[in-house]
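Have a look at the structure below before the remarks.
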Amino acid sequence: MRIAVVGIGGVGGYFGGKLAREYASSGKHEIIFIARGEHLRAIQKNGLQLYTREGQYTAWPNIATDDPSLAGPLDLVLLCVKSYSLEESARSLAPNISRKTTVIPLQNGVDSKERLRAVLPGADIASGCVYIISFLDQPGVVIQTQGACRLIFGTDNRASADRYKNILDLLLAAKIDARLTDKITEALWMKFLMMCPLGSLTAATGKTYGFIREDESLRERLRAMMMEVAAVAKARRIRLPQNAVDKTMEMIGGFSHDAKTSMQLDREKGKQTEVDTLTSFLCRAGRDAGIPTPLHDEVCRQLTP
């Protein structure tokens, strides 16, 4: 297979690095990194330097480029760009994608597949999400610190999900903790239940995971924001586990005190954030469903320029 990883940041760098390490020199599959700027030039010169809990290594893809026209026809695409770059990145890849191409978006948020359908109507799109704390430290260097390092993908139908068994096998062989599911909407919303309130609150307050856990007022605010997400999900007929909020709060308790969300890091660096995909999306979904989201509304006002 010809596999493109688009966006070699914390997510794309970690999972793309594993694919390149396993396959790029084996002849089994061709691994293509789509990156840009100084980061791309560093990868072309020195490979992608990975520092993970599993160890340090250098990953060399078969191709590293910022020009999708050099990538040729693609069989599998992992779209790891930020959510605000999703459509632009997909349009740039349209000439490389056919009806035989599987595209898996790995953004925060719950609507990536629907957004991609409008741009890539001929592609086979499977939804996906990841649980990982990793980041681009400097050009050519990705650091992974925490998280399950898990990639979940699939559909909401057993028969259609089974079509991706070959992709699951490919990921597992590269020592990626991958899960194929026929309940992907539930998986996406369980991730959203954590990342929307947590990303929004950390970005708005500038506080880390640990500070929010230890501050009673902020901890209760986080839980209340999760309840808003759960209420919107229920109104949209999305079935989450009965104890979803408790399980998510427990999961957050396992991260280090100094851990930060990507949304918080982007705001601290003056970069564009994913507020539209997370906070604003939840507010819009609440209004559409007739569900009040006052806590997210307040944070959205803080985060929206």
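Ligands are numbered from 1 in the order shown, chains are lettered A, B, ... in the order of the structure tokens, and residues start at 1 in each chain.
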
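Omitting Lys247 of chain A and its sequence neighbours fewer than 3 positions away, and counting only C-alpha atoms, the residues within 12 Å are Met190, Lys191, Leu193, Met194, Arg223, Met226, Leu240, Pro241, Gln242, Asn243, Ala244, Glu250, Met251, Ile252, Gly253 and Gly254 of chain A.
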
Next, dump the selected residues to file, keeping only N, CA and C atoms, as a PDB file, in the first residue's frame.
```pdb
ATOM      1  N   MET A 190     -17.088  10.080  23.182  1.00  0.00           N
ATOM      2  CA  MET A 190     -16.382   9.857  24.444  1.00  0.00           C
ATOM      3  C   MET A 190     -15.092  10.673  24.474  1.00  0.00           C
ATOM      4  N   LYS A 191     -14.386  10.739  23.352  1.00  0.00           N
ATOM      5  CA  LYS A 191     -13.195  11.592  23.283  1.00  0.00           C
ATOM      6  C   LYS A 191     -13.610  13.073  23.406  1.00  0.00           C
ATOM      7  N   LEU A 193     -16.166  14.260  24.905  1.00  0.00           N
ATOM      8  CA  LEU A 193     -16.595  14.497  26.276  1.00  0.00           C
ATOM      9  C   LEU A 193     -15.427  14.945  27.144  1.00  0.00           C
ATOM     10  N   MET A 194     -14.237  14.457  26.825  1.00  0.00           N
ATOM     11  CA  MET A 194     -13.054  14.874  27.556  1.00  0.00           C
ATOM     12  C   MET A 194     -12.444  16.135  26.959  1.00  0.00           C
ATOM     13  N   ARG A 223     -16.473  19.201  35.522  1.00  0.00           N
ATOM     14  CA  ARG A 223     -17.507  18.163  35.535  1.00  0.00           C
ATOM     15  C   ARG A 223     -18.823  18.716  34.970  1.00  0.00           C
ATOM     16  N   MET A 226     -18.704  18.844  31.309  1.00  0.00           N
ATOM     17  CA  MET A 226     -18.888  17.501  30.747  1.00  0.00           C
ATOM     18  C   MET A 226     -20.359  17.116  30.737  1.00  0.00           C
ATOM     19  N   LEU A 240     -24.095   7.272  25.169  1.00  0.00           N
ATOM     20  CA  LEU A 240     -22.841   7.166  25.908  1.00  0.00           C
ATOM     21  C   LEU A 240     -23.080   6.291  27.132  1.00  0.00           C
ATOM     22  N   PRO A 241     -22.024   5.664  27.650  1.00  0.00           N
ATOM     23  CA  PRO A 241     -22.186   4.865  28.872  1.00  0.00           C
ATOM     24  C   PRO A 241     -22.791   5.705  29.991  1.00  0.00           C
ATOM     25  N   GLN A 242     -23.569   5.079  30.858  1.00  0.00           N
ATOM     26  CA  GLN A 242     -24.254   5.801  31.923  1.00  0.00           C
ATOM     27  C   GLN A 242     -23.274   6.539  32.833  1.00  0.00           C
ATOM     28  N   ASN A 243     -22.094   5.964  33.036  1.00  0.00           N
ATOM     29  CA  ASN A 243     -21.088   6.573  33.918  1.00  0.00           C
ATOM     30  C   ASN A 243     -19.989   7.276  33.124  1.00  0.00           C
ATOM     31  N   ALA A 244     -20.325   7.782  31.937  1.00  0.00           N
ATOM     32  CA  ALA A 244     -19.312   8.343  31.040  1.00  0.00           C
ATOM     33  C   ALA A 244     -18.560   9.505  31.684  1.00  0.00           C
ATOM     34  N   GLU A 250     -12.109  10.289  35.890  1.00  0.00           N
ATOM     35  CA  GLU A 250     -11.105   9.357  36.408  1.00  0.00           C
ATOM     36  C   GLU A 250      -9.908   9.271  35.459  1.00  0.00           C
ATOM     37  N   MET A 251     -10.158   9.265  34.158  1.00  0.00           N
ATOM     38  CA  MET A 251      -9.075   9.202  33.182  1.00  0.00           C
ATOM     39  C   MET A 251      -8.183  10.431  33.293  1.00  0.00           C
ATOM     40  N   ILE A 252      -8.790  11.600  33.445  1.00  0.00           N
ATOM     41  CA  ILE A 252      -8.023  12.836  33.562  1.00  0.00           C
ATOM     42  C   ILE A 252      -7.134  12.802  34.808  1.00  0.00           C
ATOM     43  N   GLY A 253      -7.597  12.107  35.839  1.00  0.00           N
ATOM     44  CA  GLY A 253      -6.811  11.982  37.056  1.00  0.00           C
ATOM     45  C   GLY A 253      -5.514  11.226  36.866  1.00  0.00           C
ATOM     46  N   GLY A 254      -5.372  10.512  35.756  1.00  0.00           N
ATOM     47  CA  GLY A 254      -4.156   9.744  35.516  1.00  0.00           C
ATOM     48  C   GLY A 254      -3.045  10.519  34.826  1.00  0.00           C
TER      49      GLY A 254
END
```

Can you tell me, as a PDB file with N, CA and C atoms, in the first residue's frame, what residues are no more than 9 Å from Gln264 of chain A when counting only C-alpha atoms, ignoring any on the same chain fewer than 4 positions away?
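What landed in result.pdb:
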```pdb
ATOM      1  N   GLY A 199     -10.124  20.971  26.992  1.00  0.00           N
ATOM      2  CA  GLY A 199      -9.403  21.895  26.122  1.00  0.00           C
ATOM      3  C   GLY A 199      -9.901  23.314  26.289  1.00  0.00           C
ATOM      4  N   SER A 200     -11.219  23.471  26.378  1.00  0.00           N
ATOM      5  CA  SER A 200     -11.802  24.802  26.524  1.00  0.00           C
ATOM      6  C   SER A 200     -11.390  25.442  27.846  1.00  0.00           C
ATOM      7  N   LEU A 201     -11.477  24.668  28.933  1.00  0.00           N
ATOM      8  CA  LEU A 201     -11.203  25.226  30.256  1.00  0.00           C
ATOM      9  C   LEU A 201      -9.715  25.513  30.457  1.00  0.00           C
ATOM     10  N   THR A 202      -8.850  24.618  30.001  1.00  0.00           N
ATOM     11  CA  THR A 202      -7.408  24.877  30.152  1.00  0.00           C
ATOM     12  C   THR A 202      -6.987  26.074  29.309  1.00  0.00           C
ATOM     13  N   ALA A 203      -7.546  26.196  28.105  1.00  0.00           N
ATOM     14  CA  ALA A 203      -7.190  27.325  27.252  1.00  0.00           C
ATOM     15  C   ALA A 203      -7.684  28.641  27.840  1.00  0.00           C
ATOM     16  N   ALA A 204      -8.876  28.623  28.431  1.00  0.00           N
ATOM     17  CA  ALA A 204      -9.449  29.854  28.970  1.00  0.00           C
ATOM     18  C   ALA A 204      -8.766  30.294  30.262  1.00  0.00           C
ATOM     19  N   THR A 205      -8.355  29.329  31.084  1.00  0.00           N
ATOM     20  CA  THR A 205      -7.775  29.670  32.389  1.00  0.00           C
ATOM     21  C   THR A 205      -6.256  29.667  32.391  1.00  0.00           C
ATOM     22  N   GLY A 206      -5.640  28.984  31.418  1.00  0.00           N
ATOM     23  CA  GLY A 206      -4.186  28.852  31.418  1.00  0.00           C
ATOM     24  C   GLY A 206      -3.683  27.866  32.454  1.00  0.00           C
ATOM     25  N   LYS A 207      -4.584  27.061  33.030  1.00  0.00           N
ATOM     26  CA  LYS A 207      -4.213  26.120  34.081  1.00  0.00           C
ATOM     27  C   LYS A 207      -3.978  24.726  33.517  1.00  0.00           C
ATOM     28  N   THR A 208      -3.082  23.990  34.142  1.00  0.00           N
ATOM     29  CA  THR A 208      -2.751  22.632  33.696  1.00  0.00           C
ATOM     30  C   THR A 208      -3.786  21.624  34.196  1.00  0.00           C
ATOM     31  N   LYS A 260      -0.652  19.703  29.570  1.00  0.00           N
ATOM     32  CA  LYS A 260      -1.475  20.745  28.967  1.00  0.00           C
ATOM     33  C   LYS A 260      -2.165  20.191  27.723  1.00  0.00           C
ATOM     34  N   GLU A 268      -1.336  29.665  24.135  1.00  0.00           N
ATOM     35  CA  GLU A 268      -0.167  30.251  24.781  1.00  0.00           C
ATOM     36  C   GLU A 268       0.855  30.740  23.757  1.00  0.00           C
ATOM     37  N   LYS A 269       0.943  30.022  22.619  1.00  0.00           N
ATOM     38  CA  LYS A 269       1.906  30.378  21.586  1.00  0.00           C
ATOM     39  C   LYS A 269       1.355  31.399  20.592  1.00  0.00           C
ATOM     40  N   THR A 273      -6.409  28.306  17.346  1.00  0.00           N
ATOM     41  CA  THR A 273      -6.826  27.174  18.162  1.00  0.00           C
ATOM     42  C   THR A 273      -8.000  26.441  17.496  1.00  0.00           C
TER      43      THR A 273
END
```

So which one's closest to Ser85 of chain A, A:Gly7, A:Gly72, A:Gly286, A:Gly55? Using only C-alpha atoms, please. A:Gly7

As a JSON list (two decimals) with C-alpha atoms, in the first residue's frame, please: every residue in segment 5-130 of chain A that DSSP puts in helix (DSSP H, G or I).
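Contents of the output file states-v4.json:
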```json
[["chain", "number", "residue", "atom", "x", "y", "z"],
["A", 10, "GLY", "CA", 2.42, 15.36, 17.64],
["A", 11, "VAL", "CA", -0.18, 12.92, 16.30],
["A", 12, "GLY", "CA", 1.10, 12.43, 12.75],
["A", 13, "GLY", "CA", 4.69, 12.29, 13.93],
["A", 14, "TYR", "CA", 4.05, 9.57, 16.49],
["A", 15, "PHE", "CA", 1.89, 7.28, 14.36],
["A", 16, "GLY", "CA", 3.63, 8.13, 11.09],
["A", 17, "GLY", "CA", 6.98, 7.51, 12.74],
["A", 18, "LYS", "CA", 5.92, 4.00, 13.72],
["A", 19, "LEU", "CA", 4.69, 3.27, 10.20],
["A", 20, "ALA", "CA", 7.93, 4.55, 8.65],
["A", 21, "ARG", "CA", 10.08, 2.60, 11.09],
["A", 22, "GLU", "CA", 8.24, -0.62, 10.31],
["A", 23, "TYR", "CA", 7.65, -0.34, 6.57],
["A", 37, "GLY", "CA", 8.62, 24.55, 6.12],
["A", 38, "GLU", "CA", 11.58, 24.05, 8.43],
["A", 39, "HIS", "CA", 10.01, 20.92, 9.84],
["A", 40, "LEU", "CA", 9.96, 19.29, 6.41],
["A", 41, "ARG", "CA", 13.54, 20.31, 5.67],
["A", 42, "ALA", "CA", 14.70, 18.86, 8.98],
["A", 43, "ILE", "CA", 12.97, 15.55, 8.23],
["A", 44, "GLN", "CA", 14.49, 15.41, 4.73],
["A", 45, "LYS", "CA", 17.96, 16.04, 6.14],
["A", 46, "ASN", "CA", 17.99, 14.11, 9.42],
["A", 68, "PRO", "CA", 1.11, 16.26, -2.83],
["A", 69, "SER", "CA", 1.57, 15.98, -6.61],
["A", 70, "LEU", "CA", 4.86, 14.19, -5.89],
["A", 83, "SER", "CA", -9.22, 20.67, 12.41],
["A", 84, "TYR", "CA", -9.14, 24.19, 10.96],
["A", 85, "SER", "CA", -6.85, 22.94, 8.16],
["A", 86, "LEU", "CA", -8.93, 19.87, 7.31],
["A", 87, "GLU", "CA", -10.67, 21.02, 4.14],
["A", 88, "GLU", "CA", -7.62, 22.79, 2.74],
["A", 89, "SER", "CA", -5.44, 19.71, 3.25],
["A", 90, "ALA", "CA", -8.07, 17.41, 1.77],
["A", 91, "ARG", "CA", -8.45, 19.60, -1.34],
["A", 92, "SER", "CA", -4.70, 19.54, -1.91],
["A", 93, "LEU", "CA", -4.79, 15.72, -1.89],
["A", 94, "ALA", "CA", -7.86, 15.31, -4.10],
["A", 95, "PRO", "CA", -5.84, 14.41, -7.26],
["A", 96, "ASN", "CA", -4.11, 11.59, -5.30],
["A", 112, "SER", "CA", -14.55, 15.47, 10.43],
["A", 113, "LYS", "CA", -16.09, 12.74, 8.28],
["A", 114, "GLU", "CA", -19.07, 14.90, 7.30],
["A", 115, "ARG", "CA", -16.78, 17.81, 6.46],
["A", 116, "LEU", "CA", -14.55, 15.59, 4.32],
["A", 117, "ARG", "CA", -17.45, 14.17, 2.35],
["A", 118, "ALA", "CA", -18.06, 17.62, 0.89],
["A", 119, "VAL", "CA", -14.44, 17.88, -0.28]]
```

Extract, using only C-alpha atoms, all DNA, RNA and protein residues at most 12 Å from Leu170 of chain A, discarding same-chain residues fewer than 2 positions from it, and format them as a ChimeraX atom specification. /A:1-3,18-20,22-23,28-29,76,164-168,172-180
